[in-house]
file start-v1.txt (compact mmCIF, C-alpha atoms and all ligand atoms)
# COMPACT_ATOMS: atom_id res chain seq x y z
CA MET F 1349 28.79 9.34 -4.22
CA SER F 1350 26.12 11.71 -3.13
CA ILE F 1351 24.27 10.77 0.03
CA LEU F 1352 20.84 12.23 0.55
CA ARG F 1353 19.16 12.20 3.94
CA LEU F 1354 15.42 11.59 3.64
CA PRO F 1355 12.62 11.05 6.15
CA GLY F 1356 11.54 7.40 6.54
CA LEU F 1357 9.08 6.51 3.79
CA VAL F 1358 5.55 5.22 4.37
CA ASP F 1359 4.23 2.35 2.25
CA ALA F 1360 0.50 2.69 2.85
CA HIS F 1361 -0.45 -0.59 1.15
CA VAL F 1362 1.30 -3.89 1.87
CA HIS F 1363 0.23 -7.51 2.38
CA LEU F 1364 2.54 -9.05 4.98
CA ARG F 1365 0.58 -12.34 5.01
CA GLU F 1366 0.39 -13.11 8.73
CA PRO F 1367 -1.53 -14.98 9.91
CA GLY F 1368 -2.14 -17.62 7.30
CA TYR F 1369 0.59 -17.49 4.67
CA PRO F 1370 3.98 -17.17 6.42
CA HIS F 1371 5.63 -19.09 3.58
CA LYS F 1372 4.96 -16.00 1.41
CA GLU F 1373 5.96 -13.36 4.00
CA ASP F 1374 5.72 -12.59 7.70
CA PHE F 1375 6.03 -9.48 9.82
CA TYR F 1376 9.81 -9.91 10.06
CA SER F 1377 10.63 -10.62 6.40
CA GLY F 1378 8.18 -8.02 5.08
CA THR F 1379 9.38 -5.23 7.36
CA ALA F 1380 13.04 -6.17 6.71
CA ALA F 1381 12.33 -5.76 2.98
CA ALA F 1382 10.67 -2.42 3.81
CA LEU F 1383 13.79 -1.13 5.61
CA SER F 1384 15.96 -2.17 2.67
CA GLY F 1385 13.83 0.17 0.56
CA GLY F 1386 13.95 3.08 2.98
CA VAL F 1387 10.42 2.43 4.27
CA THR F 1388 9.96 2.86 8.04
CA THR F 1389 6.15 2.58 8.22
CA VAL F 1390 3.91 0.07 6.46
CA LEU F 1391 0.13 -0.21 6.52
CA ASP F 1392 -0.87 -3.86 6.33
CA MET F 1393 -3.98 -5.15 4.57
CA PRO F 1394 -6.63 -7.44 6.13
CA ASN F 1395 -6.89 -10.24 3.53
CA THR F 1396 -5.01 -12.72 5.68
CA ASP F 1397 -6.29 -16.10 6.85
CA PRO F 1398 -8.32 -15.55 8.94
CA PRO F 1399 -9.15 -12.07 7.64
CA THR F 1400 -8.66 -9.13 10.02
CA ALA F 1401 -12.34 -8.45 10.61
CA THR F 1402 -13.04 -8.63 14.35
CA PRO F 1403 -11.52 -7.14 17.51
CA ALA F 1404 -9.94 -10.49 18.43
CA ARG F 1405 -8.36 -10.84 14.99
CA LEU F 1406 -6.97 -7.33 15.03
CA GLN F 1407 -5.50 -7.91 18.49
CA GLU F 1408 -3.95 -11.20 17.41
CA LYS F 1409 -2.41 -9.54 14.36
CA ALA F 1410 -1.10 -6.67 16.48
CA ARG F 1411 0.55 -9.23 18.79
CA LEU F 1412 2.26 -10.99 15.84
CA ALA F 1413 3.45 -7.68 14.42
CA ALA F 1414 4.70 -6.36 17.76
CA ALA F 1415 6.84 -9.47 18.24
CA LYS F 1416 8.46 -9.50 14.80
CA ALA F 1417 8.32 -6.19 12.97
CA VAL F 1418 11.49 -4.14 12.40
CA CYS F 1419 9.63 -1.08 11.12
CA ASP F 1420 6.38 0.48 12.32
CA VAL F 1421 3.15 -1.20 11.24
CA GLY F 1422 -0.44 0.04 11.01
CA LEU F 1423 -3.20 -2.51 10.47
CA PHE F 1424 -6.32 -2.21 8.32
CA VAL F 1425 -9.54 -3.86 9.37
CA GLY F 1426 -11.52 -5.52 6.56
CA ALA F 1427 -15.25 -5.57 5.89
CA THR F 1428 -16.81 -9.02 5.51
CA ASN F 1429 -20.20 -9.81 4.08
CA THR F 1430 -21.12 -12.14 6.92
CA ASP F 1431 -20.84 -9.77 9.85
CA ALA F 1432 -20.77 -6.26 8.48
CA ASP F 1433 -20.50 -4.50 11.85
CA ALA F 1434 -18.02 -6.81 13.59
CA TYR F 1435 -15.09 -4.48 13.03
CA LEU F 1436 -16.71 -1.40 14.54
CA PRO F 1437 -15.45 -1.71 18.13
CA VAL F 1438 -11.84 -1.68 16.91
CA ALA F 1439 -12.24 0.98 14.27
CA PRO F 1440 -10.08 3.56 16.11
CA HIS F 1441 -7.26 1.02 16.45
CA ALA F 1442 -7.08 0.31 12.72
CA CYS F 1443 -5.56 2.67 10.17
CA GLY F 1444 -8.73 2.46 8.11
CA LEU F 1445 -11.53 0.22 6.87
CA LYS F 1446 -10.67 -1.73 3.72
CA ILE F 1447 -13.62 -2.72 1.58
CA TYR F 1448 -12.90 -5.16 -1.24
CA VAL F 1449 -15.35 -4.40 -4.01
CA SER F 1450 -13.59 -6.37 -6.75
CA ASP F 1451 -11.72 -9.59 -7.33
CA THR F 1452 -8.78 -10.18 -5.03
CA PHE F 1453 -6.65 -12.78 -3.25
CA GLY F 1454 -8.48 -14.25 -0.22
CA SER F 1455 -12.11 -14.36 0.82
CA LEU F 1456 -12.93 -10.71 1.58
CA ARG F 1457 -15.49 -9.38 -0.89
CA ILE F 1458 -18.49 -7.09 -0.66
CA ASP F 1459 -20.76 -7.40 -3.64
CA THR F 1460 -24.13 -5.86 -2.87
CA LEU F 1461 -25.04 -2.21 -2.86
CA ASP F 1462 -27.11 -2.79 0.26
CA LEU F 1463 -24.06 -3.94 2.23
CA LEU F 1464 -21.97 -1.08 0.92
CA HIS F 1465 -24.60 1.39 2.14
CA GLN F 1466 -24.50 -0.27 5.55
CA LEU F 1467 -20.69 -0.12 5.75
CA PHE F 1468 -20.42 3.54 4.77
CA ARG F 1469 -23.34 4.48 7.06
CA THR F 1470 -22.02 2.70 10.15
CA TRP F 1471 -18.50 4.09 9.61
CA ALA F 1472 -19.98 7.61 9.38
CA GLU F 1473 -22.11 7.04 12.52
CA ARG F 1474 -19.11 5.84 14.47
CA ALA F 1475 -17.12 8.85 13.26
CA ASP F 1476 -19.88 11.12 14.56
CA ALA F 1477 -18.92 9.86 18.01
CA VAL F 1478 -15.11 9.82 17.74
CA GLY F 1479 -14.25 12.00 14.72
CA TYR F 1480 -11.91 11.26 11.82
CA ARG F 1481 -8.22 10.83 12.52
CA SER F 1482 -7.32 12.59 9.31
CA ALA F 1483 -8.99 15.69 10.76
CA GLY F 1484 -6.44 15.59 13.57
CA ALA F 1485 -8.69 13.98 16.18
CA ALA F 1486 -6.77 11.61 18.46
CA GLY F 1487 -8.50 8.22 18.55
CA GLY F 1488 -10.55 9.07 15.48
CA LEU F 1489 -11.23 6.86 12.48
CA GLY F 1490 -9.08 6.59 9.38
CA PRO F 1491 -10.58 6.70 5.89
CA ILE F 1492 -12.51 3.99 4.09
CA ALA F 1493 -10.14 2.47 1.52
CA VAL F 1494 -11.59 0.80 -1.55
CA HIS F 1495 -10.46 -1.05 -4.62
CA ALA F 1496 -12.51 0.88 -7.07
CA GLU F 1497 -12.10 -0.78 -10.38
CA GLU F 1498 -14.29 -0.10 -13.33
CA LEU F 1499 -17.95 0.37 -12.45
CA MET F 1500 -17.43 0.24 -8.68
CA LEU F 1501 -15.59 3.56 -8.64
CA PRO F 1502 -18.66 5.78 -9.24
CA VAL F 1503 -20.60 3.69 -6.71
CA CYS F 1504 -17.99 4.30 -4.00
CA LEU F 1505 -17.70 7.99 -4.89
CA ALA F 1506 -21.47 8.37 -4.54
CA LEU F 1507 -21.57 6.59 -1.17
CA ALA F 1508 -18.68 8.65 0.21
CA ASP F 1509 -20.58 11.75 -0.84
CA LEU F 1510 -23.87 10.55 0.63
CA TYR F 1511 -22.41 9.68 4.04
CA ALA F 1512 -19.61 12.30 4.04
CA THR F 1513 -16.90 9.69 4.71
CA PRO F 1514 -13.29 10.30 3.69
CA LEU F 1515 -12.61 7.88 0.83
CA HIS F 1516 -9.19 6.66 -0.27
CA ILE F 1517 -9.04 4.84 -3.60
CA VAL F 1518 -6.22 2.32 -3.81
CA HIS F 1519 -4.17 1.28 -6.83
CA VAL F 1520 -5.69 3.48 -9.51
CA SER F 1521 -4.47 2.07 -12.81
CA ARG F 1522 -6.73 3.17 -15.72
CA ARG F 1523 -7.21 6.40 -17.63
CA SER F 1524 -10.97 6.14 -17.00
CA GLU F 1525 -10.35 5.96 -13.23
CA ILE F 1526 -7.87 8.78 -12.86
CA GLU F 1527 -10.01 11.02 -15.10
CA LEU F 1528 -13.07 10.37 -12.92
CA ILE F 1529 -11.05 11.02 -9.75
CA ARG F 1530 -9.70 14.22 -11.26
CA ALA F 1531 -13.22 15.41 -12.05
CA ALA F 1532 -14.44 14.56 -8.53
CA LYS F 1533 -11.47 16.37 -6.95
CA GLU F 1534 -12.08 19.40 -9.16
CA LYS F 1535 -15.60 19.49 -7.73
CA GLY F 1536 -14.09 19.59 -4.24
CA ARG F 1537 -14.87 16.02 -3.13
CA ALA F 1538 -12.91 14.81 -0.07
CA ILE F 1539 -11.28 11.88 -1.83
CA THR F 1540 -7.68 10.75 -2.08
CA CYS F 1541 -6.02 8.07 -4.17
CA GLU F 1542 -2.88 6.04 -4.65
CA VAL F 1543 -0.93 4.57 -7.56
CA THR F 1544 1.56 1.66 -7.44
CA PRO F 1545 5.04 1.70 -8.95
CA HIS F 1546 4.13 -1.34 -11.09
CA HIS F 1547 1.30 0.59 -12.74
CA LEU F 1548 3.67 3.51 -13.37
CA PHE F 1549 6.70 1.57 -14.62
CA LEU F 1550 5.19 -1.53 -16.28
CA SER F 1551 2.39 -2.02 -18.84
CA THR F 1552 0.71 -4.69 -20.94
CA ASP F 1553 3.78 -4.44 -23.20
CA ASP F 1554 5.75 -6.21 -20.44
CA LEU F 1555 3.32 -9.12 -20.08
CA PRO F 1556 4.81 -11.47 -22.70
CA ARG F 1557 8.16 -11.18 -20.92
CA LEU F 1558 6.81 -11.39 -17.35
CA GLY F 1559 4.01 -13.97 -17.63
CA ALA F 1560 2.53 -14.73 -14.18
CA ARG F 1561 5.20 -12.48 -12.60
CA GLY F 1562 3.36 -9.59 -14.20
CA ASP F 1563 -0.09 -10.67 -13.00
CA MET F 1564 -1.75 -8.69 -10.22
CA ARG F 1565 -5.10 -7.02 -9.49
CA PRO F 1566 -5.70 -4.61 -10.99
CA ARG F 1567 -3.88 -6.06 -14.00
CA LEU F 1568 -1.14 -4.15 -15.80
CA ALA F 1569 -2.72 -1.52 -18.02
CA THR F 1570 -2.05 -0.26 -21.54
CA PRO F 1571 0.69 2.26 -22.32
CA ASP F 1572 -2.09 4.82 -22.81
CA ASP F 1573 -3.37 4.18 -19.27
CA VAL F 1574 0.17 4.50 -17.92
CA ALA F 1575 0.60 7.79 -19.78
CA ALA F 1576 -2.66 9.05 -18.23
CA LEU F 1577 -1.39 8.28 -14.71
CA TRP F 1578 1.83 10.21 -15.36
CA ALA F 1579 -0.08 13.10 -16.92
CA ASN F 1580 -2.40 13.32 -13.90
CA LEU F 1581 0.14 12.90 -11.09
CA ALA F 1582 -1.14 16.16 -9.60
CA TYR F 1583 -4.28 14.22 -8.63
CA VAL F 1584 -2.38 11.27 -7.10
CA ASP F 1585 -1.94 11.65 -3.33
CA ILE F 1586 0.12 8.56 -2.49
CA PHE F 1587 2.59 6.16 -4.09
CA ALA F 1588 2.10 2.79 -2.37
CA THR F 1589 3.27 -0.60 -3.55
CA ASP F 1590 0.46 -3.12 -2.95
CA HIS F 1591 3.38 -5.39 -1.94
CA ALA F 1592 1.66 -8.77 -2.46
CA PRO F 1593 4.23 -11.58 -2.34
CA HIS F 1594 3.52 -15.07 -3.69
CA THR F 1595 6.22 -17.69 -4.15
CA LEU F 1596 7.72 -18.43 -7.55
CA ALA F 1597 6.41 -22.00 -7.24
CA GLU F 1598 2.88 -20.61 -6.78
CA LYS F 1599 3.41 -18.25 -9.71
CA ALA F 1600 4.49 -21.22 -11.86
CA GLY F 1601 1.45 -23.30 -10.88
CA GLU F 1602 -1.84 -24.00 -12.68
CA ASN F 1603 -3.72 -21.12 -11.11
CA PRO F 1604 -1.11 -18.52 -10.22
CA PRO F 1605 -2.33 -16.11 -7.51
CA PRO F 1606 -2.29 -12.43 -8.50
CA GLY F 1607 0.15 -10.06 -6.81
CA VAL F 1608 3.77 -8.89 -6.91
CA PRO F 1609 6.27 -7.82 -4.24
CA GLY F 1610 7.27 -4.14 -4.26
CA VAL F 1611 8.03 -2.62 -0.86
CA ALA F 1612 11.81 -2.80 -1.37
CA THR F 1613 11.88 -1.34 -4.88
CA MET F 1614 9.60 1.72 -4.66
CA LEU F 1615 12.28 4.23 -3.63
CA PRO F 1616 14.90 3.35 -6.28
CA LEU F 1617 12.24 3.25 -9.02
CA LEU F 1618 10.94 6.68 -8.02
CA LEU F 1619 14.45 8.12 -7.60
CA THR F 1620 15.19 6.90 -11.11
CA ALA F 1621 12.17 8.87 -12.31
CA VAL F 1622 13.54 11.90 -10.43
CA HIS F 1623 16.87 11.35 -12.15
CA ALA F 1624 15.11 11.27 -15.52
CA GLY F 1625 13.25 14.51 -14.75
CA ARG F 1626 9.81 12.84 -14.65
CA LEU F 1627 9.29 13.72 -10.96
CA THR F 1628 10.85 16.06 -8.45
CA LEU F 1629 12.18 14.88 -5.11
CA ASP F 1630 9.49 17.00 -3.50
CA ASP F 1631 6.79 15.19 -5.56
CA LEU F 1632 8.21 11.90 -4.27
CA LEU F 1633 8.38 12.92 -0.60
CA ARG F 1634 4.91 14.43 -0.60
CA ARG F 1635 3.43 11.16 -1.88
CA CYS F 1636 5.57 8.77 0.19
CA VAL F 1637 5.76 10.70 3.47
CA ALA F 1638 3.64 13.82 4.03
CA ASN F 1639 0.41 12.74 2.33
CA PRO F 1640 0.13 9.22 3.80
CA ARG F 1641 0.90 10.71 7.23
CA ARG F 1642 -1.89 13.23 6.80
CA ILE F 1643 -4.46 10.88 5.23
CA TYR F 1644 -4.00 8.14 7.85
CA GLY F 1645 -3.15 10.45 10.75
CA LEU F 1646 0.12 8.61 11.41
CA PRO F 1647 2.14 9.51 14.52
CA ASP F 1648 5.57 11.13 14.16
CA GLN F 1649 8.72 9.00 14.08
CA PRO F 1650 11.27 11.10 15.97
CA ASP F 1651 15.00 10.73 15.19
CA THR F 1652 14.23 8.71 12.08
CA HIS F 1653 15.86 9.08 8.67
CA VAL F 1654 17.12 7.22 5.62
CA GLU F 1655 20.51 7.75 3.95
CA VAL F 1656 20.42 6.95 0.26
CA ASP F 1657 23.21 7.16 -2.29
CA VAL F 1658 21.26 8.82 -5.09
CA ASP F 1659 23.97 8.40 -7.72
CA ALA F 1660 24.63 4.71 -7.12
CA MET F 1661 23.27 2.70 -10.02
CA THR F 1662 22.22 -0.90 -9.48
CA THR F 1663 20.36 -3.53 -11.41
CA LEU F 1664 17.33 -4.87 -9.53
CA ARG F 1665 17.71 -8.60 -8.97
CA ASP F 1666 15.54 -11.42 -7.69
CA ASP F 1667 18.15 -12.65 -5.25
CA ALA F 1668 18.82 -9.21 -3.75
CA ALA F 1669 15.31 -8.94 -2.35
CA LEU F 1670 14.82 -9.43 1.40
CA THR F 1671 11.18 -10.42 0.91
CA ARG F 1672 10.68 -14.12 1.66
CA VAL F 1673 9.64 -14.89 -1.91
CA GLY F 1674 12.95 -13.72 -3.40
CA TRP F 1675 11.84 -12.16 -6.67
CA THR F 1676 10.77 -8.86 -8.15
CA PRO F 1677 8.82 -8.04 -11.33
CA PHE F 1678 11.43 -5.32 -11.92
CA ALA F 1679 14.38 -7.74 -12.17
CA GLY F 1680 16.87 -6.54 -14.75
CA MET F 1681 15.92 -2.86 -14.51
CA ALA F 1682 18.80 -0.46 -13.91
CA VAL F 1683 17.90 2.04 -11.19
CA TYR F 1684 19.45 4.91 -9.29
CA GLY F 1685 19.41 5.10 -5.52
CA GLN F 1686 20.80 2.67 -3.01
CA VAL F 1687 19.68 2.77 0.61
CA ARG F 1688 22.83 2.75 2.78
CA LYS F 1689 21.43 3.28 6.23
CA VAL F 1690 18.11 3.56 8.05
CA VAL F 1691 17.81 5.07 11.54
CA LEU F 1692 14.57 4.48 13.43
CA ARG F 1693 14.01 6.35 16.71
CA GLY F 1694 17.74 6.96 17.07
CA GLU F 1695 18.75 3.34 16.40
CA THR F 1696 20.51 2.18 13.21
CA VAL F 1697 18.14 -0.55 12.04
CA PHE F 1698 19.57 -1.18 8.56
CA GLN F 1699 23.02 -0.65 7.07
CA ASP F 1700 24.68 -1.79 3.83
CA GLY F 1701 22.27 -4.61 3.10
CA GLN F 1702 21.98 -5.89 6.66
CA VAL F 1703 19.04 -5.58 9.03
CA LEU F 1704 20.48 -4.64 12.43
CA ALA F 1705 17.22 -4.22 14.35
CA ALA F 1706 15.99 -7.02 16.59
CA PRO F 1707 12.53 -8.40 15.78
CA GLY F 1708 10.05 -6.21 17.63
CA ALA F 1709 11.98 -2.95 17.13
CA GLY F 1710 9.04 -1.73 15.06
CA GLN F 1711 5.94 -0.42 16.79
CA VAL F 1712 2.32 -1.25 16.08
CA LEU F 1713 0.45 2.01 15.48
CA PHE F 1714 -2.77 3.20 17.19
O1 LIG L 1 -2.67 -8.47 -7.03
C1 LIG L 1 -3.17 -8.43 -5.94
N1 LIG L 1 -2.75 -9.19 -4.93
N2 LIG L 1 -4.19 -7.59 -5.74
C2 LIG L 1 -4.88 -7.59 -4.59
O2 LIG L 1 -5.83 -6.86 -4.49
C3 LIG L 1 -4.54 -8.51 -3.49
C4 LIG L 1 -3.16 -8.94 -3.60
C5 LIG L 1 -2.80 -10.12 -2.71
O3 LIG L 1 -3.15 -10.07 -1.52
O4 LIG L 1 -2.16 -11.03 -3.20
ZN ZN L 2 -3.64 -4.82 -1.97
call {"tool": "encode", "arguments": {"input": "start-v1.txt", "output": "C-alpha cells", "more": "lines below"}}
Ligand code: DOR
Ligand code: ZN
result
Amino acid sequence: MSILRLPGLVDAHVHLREPGYPHKEDFYSGTAAALSGGVTTVLDMPNTDPPTATPARLQEKARLAAAKAVCDVGLFVGATNTDADAYLPVAPHACGLKIYVSDTFGSLRIDTLDLLHQLFRTWAERADAVGYRSAGAAGGLGPIAVHAEELMLPVCLALADLYATPLHIVHVSRRSEIELIRAAKEKGRAITCEVTPHHLFLSTDDLPRLGARGDMRPRLATPDDVAALWANLAYVDIFATDHAPHTLAEKAGENPPPGVPGVATMLPLLLTAVHAGRLTLDDLLRRCVANPRRIYGLPDQPDTHVEVDVDAMTTLRDDAALTRVGWTPFAGMAVYGQVRKVVLRGETVFQDGQVLAAPGAGQVLF
C-alpha cells in the first residue's frame, strides 16, 4: 500500500441540480460524491430550474449550497436570451459567466451573434470597473466560459479577441477543436480550455455497449478525436468532469436526457493513466489543482489534503457511487487509486467510504 498525499482537487465543471432536479442530485449528494473522489472544490453550472441568471437566483442557490455542501462550491451565473444584462450586478460573486451556445439540458441558450456581442461587451465593460479575478484582483470577474462546439468555436474566439475577455472553452472533444485552440494559443491568445475524463477514456467504440449511458453533450467522439486530445494535452489547461447526473429511469426513457456523472471517478481514472505512463502526476495536479485555481481565482484551502492509496486497484461500480443517481459510465473499468481520507480545513470530512462532514461544512466561494 502506498499512500500519496495530494492537495484537494478542483472539479471546475459540475451540475449539482439544485434547485429544480433534486431527484438527480443536490448539494449534499453531489459534494459527498466529490469528496469520495478527492475533490474539495466544485464549480456548479447554472442550467438549473430556474436557471441561475439573476442576483436573487444566485443568492438562493448560494443559500442552498451553504446549508448542504460538504466541499467548497463556486457558482456560475448563466446568460439568458431574455434579459441579457440581468446577471451583471452579481458578476463578482460568480466564478464566471457561462454562455450556452449549443444544445444542452435545460433552457439556457444564446443563439444570435447580436446577443453574443452584447454579452462579451458588457462583461468587458464591467471588468473595466472591477478587473478580472484571474489577474489577481480581489472582487474581479472570472472568465466567460463557453460550450464551443463546431462552428461556434471560431465565433467565440473572435469575440474574446475583440473585447479582450478571458475565454475558457469547456469540454473540448474533437480534433478540429483542439487543433484550433492550439493554433490560437500559439498566436498568444488569452484562452484556456478543459477536457472531460469521458472524452479521454471513452469513444464512439463504446456506444453500442453503453447506449443512453454513453450519451452526453458533446457526444462521445471517434478514436481519432480521442487520440488528438491525448496528443495535444499540452494545450489542455483543466481536466473537469461535466458531472451531469440523470437517473437510470430517465436514461431508459423515450427521450433520454444527455449527461453522465463523473465527479467521483476523475481521480482514479487519471491516476490509472499515470500508472500506464500516459500522464505524469504533475500533469494531473496542474490540471486539477493549480490551473483551475489560477483561471477562476479560487481562494486557498488551508490545512486541506487528500490521502489516496495509489496502488489499490478497484473496479468502478454503479452501486459504489455516492451520487444520487447511483451509476457511472465507467462501470466495469479496473482503476488504480482509492481515496482513503480527505481533510478539509483541518477536519476529516471523508474516510474509508464514509462522509464524516456535517452538511454545510463546505463553503460557498466569493
Ligand atoms: O451532457 C450534458 N449534460 N451536456 C451539457 O452540456 C449539460 C449536461 C446536463 O446538465 O445534463
Ligand atoms: Zn456542463
call {"tool": "residues_near_ligand", "arguments": {"input": "start-v1.txt", "ligand": "ligand LIG 1 (chain L)", "cutoff": "9 Å", "atoms": "all atoms listed in the file", "output": "ChimeraX atom specification"}}
result
/F:1362-1365,1393-1396,1448,1450-1454,1495,1519,1563-1567,1590-1594,1605-1608
call {"tool": "atom_distance", "arguments": {"input": "start-v1.txt", "atom1": "atom CA of F:Trp1471", "atom2": "atom CA of F:Val1494"}}
result
13.5 Å
call {"tool": "closest_atom_pairs", "arguments": {"input": "start-v1.txt", "of": "stretch 1582-1642 of chain F", "to": "stretch 1679-1694 of chain F", "cutoff": "10 Å", "atoms": "all atoms listed in the file", "output": "Markdown table"}}
result
| residue | atom | partner | partner_atom | distance |
| --- | --- | --- | --- | --- |
| F:Ala1612 | CA | F:Val1687 | CA | 9.8 |
| F:Thr1613 | CA | F:Val1683 | CA | 9.4 |
| F:Leu1615 | CA | F:Gly1685 | CA | 7.4 |
| F:Pro1616 | CA | F:Gly1685 | CA | 4.9 |
| F:Leu1617 | CA | F:Val1683 | CA | 6.2 |
| F:Leu1618 | CA | F:Tyr1684 | CA | 8.8 |
| F:Leu1619 | CA | F:Gly1685 | CA | 6.2 |
| F:Thr1620 | CA | F:Tyr1684 | CA | 5.0 |
| F:Ala1621 | CA | F:Tyr1684 | CA | 8.8 |
| F:Val1622 | CA | F:Tyr1684 | CA | 9.2 |
| F:His1623 | CA | F:Tyr1684 | CA | 7.5 |
| F:Ala1624 | CA | F:Tyr1684 | CA | 9.9 |
call {"tool": "closest_residue", "arguments": {"input": "start-v1.txt", "among": "F:Arg1626, F:Lys1446, F:Lys1372, F:Arg1353", "to": "F:Ile1517", "atoms": "all atoms listed in the file"}}
result
F:Lys1446
call {"tool": "closest_residue", "arguments": {"input": "start-v1.txt", "among": "F:Gly1559, F:Gly1356, F:Gly1710, F:Pro1647", "to": "F:Ala1413", "atoms": "all atoms listed in the file"}}
result
F:Gly1710
call {"tool": "atom_distance", "arguments": {"input": "start-v1.txt", "atom1": "atom CA of F:Ile1529", "atom2": "atom CA of F:Leu1555"}}
result
26.8 Å
call {"tool": "closest_residue", "arguments": {"input": "start-v1.txt", "among": "F:Thr1513, F:Thr1460, F:Thr1430, F:Thr1540", "to": "F:Met1500", "atoms": "only C-alpha atoms"}}
result
F:Thr1460
call {"tool": "residues_near_point", "arguments": {"input": "start-v1.txt", "point": "(9.8, -1.7, 10.3)", "cutoff": "8 Å", "atoms": "all atoms listed in the file", "output": "short mmCIF file (atom, residue, chain, number, x, y, z; two decimals) with C-alpha atoms, keeping the file's coordinate frame"}}
result
data_model
loop_
_atom_site.label_atom_id
_atom_site.label_comp_id
_atom_site.auth_asym_id
_atom_site.auth_seq_id
_atom_site.Cartn_x
_atom_site.Cartn_y
_atom_site.Cartn_z
CA THR F 1379 9.38 -5.23 7.36
CA ALA F 1380 13.04 -6.17 6.71
CA ALA F 1382 10.67 -2.42 3.81
CA LEU F 1383 13.79 -1.13 5.61
CA VAL F 1387 10.42 2.43 4.27
CA THR F 1388 9.96 2.86 8.04
CA THR F 1389 6.15 2.58 8.22
CA VAL F 1390 3.91 0.07 6.46
CA ALA F 1417 8.32 -6.19 12.97
CA VAL F 1418 11.49 -4.14 12.40
CA CYS F 1419 9.63 -1.08 11.12
CA ASP F 1420 6.38 0.48 12.32
CA VAL F 1421 3.15 -1.20 11.24
CA ALA F 1709 11.98 -2.95 17.13
CA GLY F 1710 9.04 -1.73 15.06
CA GLN F 1711 5.94 -0.42 16.79
#
call {"tool": "closest_residue", "arguments": {"input": "start-v1.txt", "among": "F:Thr1544, F:Thr1662, F:Gln1649, F:Ser1455", "to": "ligand ZN 2 (chain L)", "atoms": "only C-alpha atoms and all ligand atoms"}}
result
F:Thr1544
call {"tool": "residues_around", "arguments": {"input": "start-v1.txt", "residues": "F:Leu1548", "least_positions_apart": "3", "cutoff": "8 Å", "atoms": "only C-alpha atoms", "output": "ChimeraX atom specification"}}
result
/F:1543-1545,1551,1574,1577-1578
